file data-v2.txt (compact mmCIF, C-alpha atoms and all ligand atoms)
# COMPACT_ATOMS: atom_id res chain seq x y z
CA MET Q 690 28.54 8.16 4.25
CA LEU Q 691 27.18 7.26 7.64
CA TYR Q 692 23.80 8.72 8.51
CA GLN Q 693 20.92 8.34 10.92
CA THR Q 694 17.23 8.12 10.05
CA GLU Q 695 13.99 6.81 11.36
CA GLY Q 696 12.54 4.10 9.10
CA ILE Q 697 10.07 1.26 8.71
CA VAL Q 698 10.98 -2.22 7.42
CA LEU Q 699 8.72 -2.94 4.42
CA SER Q 700 10.10 -6.35 3.52
CA SER Q 701 13.13 -8.57 3.88
CA VAL Q 702 14.78 -11.29 1.80
CA ASP Q 703 17.60 -13.65 2.69
CA LEU Q 704 21.02 -13.05 1.20
CA GLY Q 705 23.47 -15.94 1.22
CA GLU Q 706 23.87 -17.96 4.39
CA HIS Q 707 24.18 -15.21 6.97
CA ASP Q 708 22.77 -11.96 5.68
CA ARG Q 709 19.49 -10.35 4.82
CA ILE Q 710 18.43 -7.47 2.57
CA VAL Q 711 15.71 -5.18 3.90
CA THR Q 712 13.65 -2.62 2.03
CA LEU Q 713 13.11 0.40 4.28
CA LEU Q 714 10.83 3.36 4.01
CA THR Q 715 12.94 6.04 5.69
CA LEU Q 716 12.09 9.54 6.80
CA GLN Q 717 15.31 11.09 5.43
CA LYS Q 718 15.76 9.28 2.13
CA GLY Q 719 12.50 7.59 1.18
CA LEU Q 720 12.99 4.01 -0.04
CA VAL Q 721 16.33 2.45 0.87
CA ARG Q 722 17.55 -1.09 0.30
CA ALA Q 723 20.16 -2.20 2.79
CA VAL Q 724 22.10 -5.30 3.80
CA VAL Q 725 21.87 -6.51 7.38
CA ARG Q 726 25.10 -8.42 7.95
CA GLY Q 727 24.76 -11.53 10.12
CA ALA Q 728 21.00 -11.18 10.42
CA ARG Q 729 20.49 -14.91 9.83
CA LYS Q 730 23.00 -16.08 12.41
CA PRO Q 731 21.50 -17.55 15.58
CA ASN Q 732 20.88 -14.96 18.31
CA SER Q 733 21.56 -12.05 15.96
CA ARG Q 734 20.40 -8.88 17.66
CA LEU Q 735 19.92 -7.19 14.29
CA ALA Q 736 17.62 -10.00 13.13
CA ALA Q 737 15.08 -9.29 15.82
CA VAL Q 738 14.88 -5.56 15.10
CA THR Q 739 14.78 -5.79 11.30
CA GLN Q 740 11.58 -7.82 10.98
CA PRO Q 741 8.93 -6.48 8.58
CA PHE Q 742 6.80 -3.59 9.91
CA SER Q 743 9.28 -2.65 12.63
CA ARG Q 744 9.79 1.08 13.02
CA ALA Q 745 13.22 2.01 14.30
CA ASP Q 746 16.06 4.52 14.34
CA PHE Q 747 18.55 3.23 11.80
CA GLN Q 748 22.20 4.04 11.38
CA LEU Q 749 22.94 3.37 7.73
CA TYR Q 750 26.02 3.45 5.58
CA GLY Q 751 25.67 4.29 1.88
CA ARG Q 752 28.22 5.00 -0.82
CA GLY Q 753 25.83 6.34 -3.43
CA SER Q 754 25.04 2.91 -4.83
CA SER Q 755 21.56 1.45 -4.52
CA LEU Q 756 22.42 -1.05 -1.76
CA GLU Q 757 23.32 0.41 1.64
CA ARG Q 758 24.29 -1.23 4.91
CA VAL Q 759 22.51 -1.31 8.25
CA ILE Q 760 25.05 -0.51 10.99
CA GLN Q 761 22.88 -0.04 14.08
CA VAL Q 762 19.21 -0.25 14.91
CA SER Q 763 17.26 1.08 17.84
CA LEU Q 764 13.73 -0.30 17.84
CA LEU Q 765 10.83 2.12 18.34
CA ASP Q 766 7.78 -0.06 17.58
CA SER Q 767 7.62 -3.68 16.39
CA HIS Q 768 3.82 -3.52 15.85
CA PRO Q 769 3.08 -6.67 17.86
CA GLY Q 770 -0.65 -6.32 17.12
CA ILE Q 771 0.08 -6.76 13.41
CA VAL Q 772 2.71 -9.47 13.44
CA SER Q 773 0.70 -11.73 15.73
CA ASP Q 774 -2.36 -11.72 13.44
CA TYR Q 775 -2.39 -13.43 10.03
CA ALA Q 776 -4.92 -11.13 8.31
CA ARG Q 777 -3.13 -7.99 9.54
CA VAL Q 778 0.22 -9.33 8.28
CA VAL Q 779 -1.31 -10.05 4.85
CA TYR Q 780 -2.70 -6.52 4.55
CA ALA Q 781 0.50 -4.93 5.86
CA SER Q 782 2.58 -6.93 3.33
CA TYR Q 783 0.25 -5.89 0.51
CA LEU Q 784 0.35 -2.19 1.44
CA ALA Q 785 4.13 -2.33 1.92
CA GLU Q 786 4.39 -3.73 -1.62
CA ILE Q 787 2.36 -0.79 -2.90
CA VAL Q 788 4.73 1.66 -1.19
CA SER Q 789 7.80 -0.15 -2.61
CA GLY Q 790 6.23 -0.11 -6.07
CA LEU Q 791 5.09 3.52 -6.05
CA MET Q 792 7.94 5.35 -4.35
CA PRO Q 793 11.30 6.12 -5.94
CA GLU Q 794 14.53 5.13 -4.13
CA HIS Q 795 16.44 7.80 -2.23
CA GLU Q 796 13.78 10.47 -2.50
CA ARG Q 797 12.54 11.98 0.74
CA ASN Q 798 8.76 12.10 1.15
CA SER Q 799 7.84 12.79 4.77
CA GLY Q 800 4.11 12.86 3.88
CA VAL Q 801 4.19 9.24 2.71
CA TYR Q 802 6.36 8.26 5.69
CA HIS Q 803 3.84 9.63 8.19
CA LEU Q 804 0.96 8.20 6.17
CA PHE Q 805 2.48 4.74 6.39
CA ILE Q 806 2.87 5.09 10.17
CA ALA Q 807 -0.86 5.92 10.31
CA ILE Q 808 -1.65 2.95 8.06
CA LEU Q 809 0.25 0.56 10.36
CA ALA Q 810 -1.50 2.07 13.39
CA GLY Q 811 -4.81 1.47 11.60
CA LEU Q 812 -3.94 -2.13 10.79
CA GLN Q 813 -2.92 -2.68 14.38
CA GLU Q 814 -6.07 -1.23 15.95
CA ALA Q 815 -8.95 -1.44 13.50
CA ARG Q 816 -11.64 -4.10 13.44
CA GLU Q 817 -12.56 -3.22 9.83
CA LEU Q 818 -9.35 -4.09 7.98
CA TRP Q 819 -11.24 -3.71 4.69
CA THR Q 820 -11.68 0.02 5.37
CA VAL Q 821 -8.04 0.50 6.39
CA ALA Q 822 -6.92 -1.25 3.20
CA ARG Q 823 -9.11 0.89 0.89
CA TRP Q 824 -8.11 4.08 2.71
CA ALA Q 825 -4.42 3.14 2.52
CA GLU Q 826 -4.61 2.24 -1.19
CA LEU Q 827 -6.35 5.50 -2.09
CA ARG Q 828 -4.15 7.77 0.04
CA LEU Q 829 -0.93 6.14 -1.17
CA LEU Q 830 -2.07 6.40 -4.80
CA LYS Q 831 -3.02 10.03 -4.24
CA SER Q 832 0.38 10.81 -2.67
CA ALA Q 833 2.11 9.33 -5.71
CA GLY Q 834 -0.09 11.26 -8.18
CA PHE Q 835 -2.25 8.30 -9.25
CA MET Q 836 -5.59 9.17 -7.67
CA PRO Q 837 -8.34 7.61 -9.85
CA SER Q 838 -11.12 9.90 -11.08
CA LEU Q 839 -14.17 8.70 -9.16
CA GLU Q 840 -16.48 11.70 -8.97
CA SER Q 841 -16.86 12.62 -12.64
CA CYS Q 842 -16.82 10.90 -16.02
CA LEU Q 843 -13.36 10.81 -17.61
CA LYS Q 844 -14.81 11.68 -21.04
CA CYS Q 845 -17.52 14.29 -20.48
CA GLY Q 846 -16.73 15.45 -16.95
CA LYS Q 847 -20.31 15.07 -15.73
CA VAL Q 848 -21.21 13.29 -12.50
CA PRO Q 849 -22.50 9.89 -13.66
CA VAL Q 850 -26.07 8.95 -12.79
CA GLY Q 851 -27.22 5.35 -12.82
CA THR Q 852 -24.87 2.67 -14.10
CA THR Q 853 -21.24 3.72 -14.06
CA TYR Q 854 -18.24 1.96 -15.54
CA PHE Q 855 -14.76 1.79 -14.08
CA SER Q 856 -11.66 1.46 -16.21
CA ALA Q 857 -8.39 0.63 -14.47
CA PRO Q 858 -6.23 1.50 -17.53
CA ALA Q 859 -8.00 4.86 -17.99
CA GLY Q 860 -7.84 5.54 -14.25
CA GLY Q 861 -11.45 6.35 -13.48
CA VAL Q 862 -15.13 6.13 -14.30
CA LEU Q 863 -17.22 6.61 -17.43
CA CYS Q 864 -20.91 7.53 -17.46
CA ASP Q 865 -23.46 5.32 -19.20
CA LYS Q 866 -23.63 7.59 -22.29
CA CYS Q 867 -19.88 7.78 -22.83
CA HIS Q 868 -19.57 4.06 -22.15
CA ALA Q 869 -22.07 3.36 -24.96
CA LYS Q 870 -19.77 5.19 -27.40
CA GLU Q 871 -16.67 3.23 -26.31
CA GLU Q 872 -15.41 0.55 -28.64
CA GLY Q 873 -13.86 -2.75 -27.65
CA PRO Q 874 -14.88 -5.07 -24.85
CA GLY Q 875 -13.39 -6.13 -21.61
CA ILE Q 876 -11.67 -3.27 -19.86
CA LEU Q 877 -14.75 -1.60 -18.40
CA MET Q 878 -16.35 -2.94 -15.27
CA PRO Q 879 -19.90 -1.89 -14.37
CA VAL Q 880 -20.05 -0.54 -10.83
CA SER Q 881 -22.82 0.80 -8.64
CA SER Q 882 -22.96 4.41 -7.53
CA GLY Q 883 -22.76 3.11 -3.95
CA SER Q 884 -19.29 1.68 -4.59
CA ILE Q 885 -18.09 4.91 -6.18
CA LYS Q 886 -19.51 7.01 -3.34
CA THR Q 887 -17.95 4.77 -0.70
CA LEU Q 888 -14.50 4.99 -2.28
CA SER Q 889 -14.82 8.77 -2.76
CA LEU Q 890 -15.78 9.18 0.87
CA ILE Q 891 -12.85 7.05 2.03
CA ALA Q 892 -10.41 8.87 -0.30
CA ALA Q 893 -11.46 12.29 0.98
CA SER Q 894 -10.67 11.43 4.58
CA PRO Q 895 -7.23 12.60 5.75
CA ASN Q 896 -7.50 10.29 8.76
CA ARG Q 897 -8.59 6.68 8.82
CA PRO Q 898 -12.35 6.88 8.20
CA ASN Q 899 -15.07 5.16 10.13
CA VAL Q 900 -16.82 3.67 7.10
CA VAL Q 901 -18.27 0.17 6.96
CA ALA Q 902 -19.15 -1.30 3.56
CA ARG Q 903 -21.24 -4.41 3.07
CA GLY Q 904 -22.38 -6.78 0.34
CA GLN Q 905 -22.04 -5.72 -3.28
CA VAL Q 906 -20.40 -2.38 -2.47
CA ARG Q 907 -17.74 -4.12 -0.41
CA ASP Q 908 -16.94 -6.64 -3.18
CA GLU Q 909 -17.03 -4.14 -6.04
CA ALA Q 910 -15.00 -1.40 -4.37
CA ALA Q 911 -12.31 -3.94 -3.39
CA LYS Q 912 -12.19 -5.33 -6.93
CA MET Q 913 -11.91 -1.85 -8.47
CA MET Q 914 -9.00 -0.98 -6.21
CA ARG Q 915 -7.16 -4.28 -6.74
CA GLU Q 916 -7.38 -3.90 -10.52
CA TYR Q 917 -6.33 -0.29 -10.41
CA VAL Q 918 -3.38 -0.93 -8.05
CA ALA Q 919 -2.13 -3.77 -10.28
CA HIS Q 920 -2.44 -1.48 -13.31
CA VAL Q 921 -0.53 1.43 -11.70
CA LEU Q 922 2.25 -0.86 -10.39
CA GLY Q 923 2.45 -2.63 -13.76
CA LYS Q 924 2.16 -6.00 -12.01
CA ARG Q 925 0.02 -7.81 -9.48
CA PRO Q 926 1.52 -7.43 -6.00
CA LYS Q 927 2.73 -10.82 -4.75
CA SER Q 928 0.50 -10.68 -1.68
CA LEU Q 929 -2.60 -9.71 -3.68
CA SER Q 930 -3.88 -13.28 -4.00
CA LEU Q 931 -3.74 -13.63 -0.19
CA VAL Q 932 -5.69 -10.36 0.17
CA GLU Q 933 -8.27 -11.61 -2.36
CA LYS Q 934 -8.65 -14.87 -0.47
CA LEU Q 935 -9.19 -13.04 2.84
CA GLU Q 936 -11.73 -10.67 1.29
CA ASP Q 937 -13.58 -13.47 -0.51
CA GLU Q 938 -13.87 -15.20 2.86
CA GLY Q 939 -15.39 -12.01 4.30
CA ALA Q 940 -12.44 -10.20 5.92
ZN ZN C 1 -19.51 10.78 -19.75
call {"tool": "encode", "arguments": {"input": "data-v2.txt", "output": "structure tokens"}}
result
Amino acid sequence: MLYQTEGIVLSSVDLGEHDRIVTLLTLQKGLVRAVVRGARKPNSRLAAVTQPFSRADFQLYGRGSSLERVIQVSLLDSHPGIVSDYARVVYASYLAEIVSGLMPEHERNSGVYHLFIAILAGLQEARELWTVARWAELRLLKSAGFMPSLESCLKCGKVPVGTTYFSAPAGGVLCDKCHAKEEGPGILMPVSSGSIKTLSLIAASPNRPNVVARGQVRDEAAKMMREYVAHVLGKRPKSLSLVEKLEDEGA
């Protein structure tokens, strides 16, 4: 079946000598994997318009199997401000991996599609990439039903005061009292109330928030989210080590 949809290229891998497989987030059918024939030949027109983070009108051909075929592409936005900047590419790759890992194939979700457009716009324009990344992580997790419990203790439901503990496997925070009753070491990470509040504030914002985090809050909140994302996806995203390196260097 031949059909038309707007979509965003999340990633691409080479296939054989001439072709390429792209993973698309489409408006009509959610995640789609498709072959771009001849995309690796010199001067291929399709190569230029199927680069990661390009948004385009795609004509696709699918026969019900998982792998479809890109027939025609009409570019809408190549996001030059992202692809020309190393840090923005790293974050975009990381967030694209989260989308690929969270969303099912061939299931329309226009909310996530428009969210990802807003995320790319944020990565293209923002000076604080850290804030865009945390906002994107939280909103994507929320859209997929994996919002961590940040405001209240997972065990007793009270708002924690003082030292709070975050558990990626449990998907939220524990208060000091409930933490003391927990057995077994290792999975709980002590976090400050400032980190929790910052993430809650960012998560509650439907549009990219104007929050700037510094110092311990910045490090802790990033670490909480990285651990939680890896837990939800069941693996560390491939680009996560590059994100960690950027953030350790103060991005
Ligand atoms: Zn508690």
call {"tool": "residues_near_ligand", "arguments": {"input": "data-v2.txt", "ligand": "ligand ZN 1 (chain C)", "cutoff": "10 Å", "atoms": "all atoms listed in the file", "output": "mmCIF file with C-alpha atoms, keeping the file's coordinate frame"}}
result
data_model
loop_
_atom_site.group_PDB
_atom_site.id
_atom_site.type_symbol
_atom_site.label_atom_id
_atom_site.label_comp_id
_atom_site.auth_asym_id
_atom_site.auth_seq_id
_atom_site.Cartn_x
_atom_site.Cartn_y
_atom_site.Cartn_z
ATOM 1 C CA SER Q 841 -16.860 12.620 -12.640
ATOM 2 C CA CYS Q 842 -16.820 10.900 -16.020
ATOM 3 C CA LEU Q 843 -13.360 10.810 -17.610
ATOM 4 C CA LYS Q 844 -14.810 11.680 -21.040
ATOM 5 C CA CYS Q 845 -17.520 14.290 -20.480
ATOM 6 C CA GLY Q 846 -16.730 15.450 -16.950
ATOM 7 C CA LYS Q 847 -20.310 15.070 -15.730
ATOM 8 C CA VAL Q 848 -21.210 13.290 -12.500
ATOM 9 C CA PRO Q 849 -22.500 9.890 -13.660
ATOM 10 C CA VAL Q 850 -26.070 8.950 -12.790
ATOM 11 C CA THR Q 853 -21.240 3.720 -14.060
ATOM 12 C CA TYR Q 854 -18.240 1.960 -15.540
ATOM 13 C CA VAL Q 862 -15.130 6.130 -14.300
ATOM 14 C CA LEU Q 863 -17.220 6.610 -17.430
ATOM 15 C CA CYS Q 864 -20.910 7.530 -17.460
ATOM 16 C CA ASP Q 865 -23.460 5.320 -19.200
ATOM 17 C CA LYS Q 866 -23.630 7.590 -22.290
ATOM 18 C CA CYS Q 867 -19.880 7.780 -22.830
ATOM 19 C CA HIS Q 868 -19.570 4.060 -22.150
ATOM 20 C CA ALA Q 869 -22.070 3.360 -24.960
ATOM 21 C CA LYS Q 870 -19.770 5.190 -27.400
#
call {"tool": "closest_residue", "arguments": {"input": "data-v2.txt", "among": "Q:Ile787, Q:Leu765, Q:Val906, Q:Ala825", "to": "Q:Gly923", "atoms": "only C-alpha atoms"}}
result
Q:Ile787
call {"tool": "residues_near_point", "arguments": {"input": "data-v2.txt", "point": "(-3.3, -9.7, 0.9)", "cutoff": "6 Å", "atoms": "all atoms listed in the file", "output": "list in words"}}
result
Val779, Tyr780, Tyr783, Ser928, Leu929, Leu931 and Val932 of chain Q
call {"tool": "atom_distance", "arguments": {"input": "data-v2.txt", "atom1": "atom CA of Q:Phe855", "atom2": "atom CA of Q:Glu826"}}
result
16.4 Å
call {"tool": "atom_distance", "arguments": {"input": "data-v2.txt", "atom1": "atom CA of Q:Thr694", "atom2": "atom CA of Q:Ala723"}}
result
13.0 Å
call {"tool": "atom_distance", "arguments": {"input": "data-v2.txt", "atom1": "atom CA of Q:Trp824", "atom2": "atom CA of Q:Ile710"}}
result
28.9 Å
call {"tool": "closest_residue", "arguments": {"input": "data-v2.txt", "among": "Q:Ala822, Q:Leu735, Q:Ala857, Q:Ala745", "to": "Q:Ile808", "atoms": "only C-alpha atoms"}}
result
Q:Ala822
call {"tool": "closest_residue", "arguments": {"input": "data-v2.txt", "among": "Q:Arg828, Q:Lys718, Q:Arg797, Q:Arg744", "to": "Q:Asn896", "atoms": "all atoms listed in the file"}}
result
Q:Arg828
call {"tool": "residues_around", "arguments": {"input": "data-v2.txt", "residues": "Q:Thr887", "least_positions_apart": "4", "cutoff": "9 Å", "atoms": "only C-alpha atoms", "output": "PyMOL selection string"}}
result
chain Q and resi 882-883+891-892+900-902+906-907+910
call {"tool": "residues_around", "arguments": {"input": "data-v2.txt", "residues": "Q:Asn798", "least_positions_apart": "3", "cutoff": "7 Å", "atoms": "only C-alpha atoms", "output": "list in words"}}
result
Gly719, Val801 and Tyr802 of chain Q
call {"tool": "closest_residue", "arguments": {"input": "data-v2.txt", "among": "Q:Tyr917, Q:Leu791, Q:Gln905, Q:Thr820", "to": "Q:Asp937", "atoms": "only C-alpha atoms"}}
result
Q:Gln905
call {"tool": "closest_residue", "arguments": {"input": "data-v2.txt", "among": "Q:Arg709, Q:Arg758, Q:His920, Q:Arg823", "to": "Q:Gln740", "atoms": "all atoms listed in the file"}}
result
Q:Arg709
call {"tool": "residues_around", "arguments": {"input": "data-v2.txt", "residues": "Q:Thr712", "least_positions_apart": "3", "cutoff": "6 Å", "atoms": "only C-alpha atoms", "output": "NGL selection string"}}
result
:Q and (699-700 or 721-722)
call {"tool": "closest_residue", "arguments": {"input": "data-v2.txt", "among": "Q:Gly790, Q:Pro731, Q:Pro879, Q:Gly770", "to": "Q:Gly811", "atoms": "only C-alpha atoms"}}
result
Q:Gly770
call {"tool": "residues_near_point", "arguments": {"input": "data-v2.txt", "point": "(3.8, -9.4, 14.4)", "cutoff": "12 Å", "atoms": "all atoms listed in the file", "output": "PyMOL selection string"}}
result
chain Q and resi 737-743+766-779+781-782+809+812-813
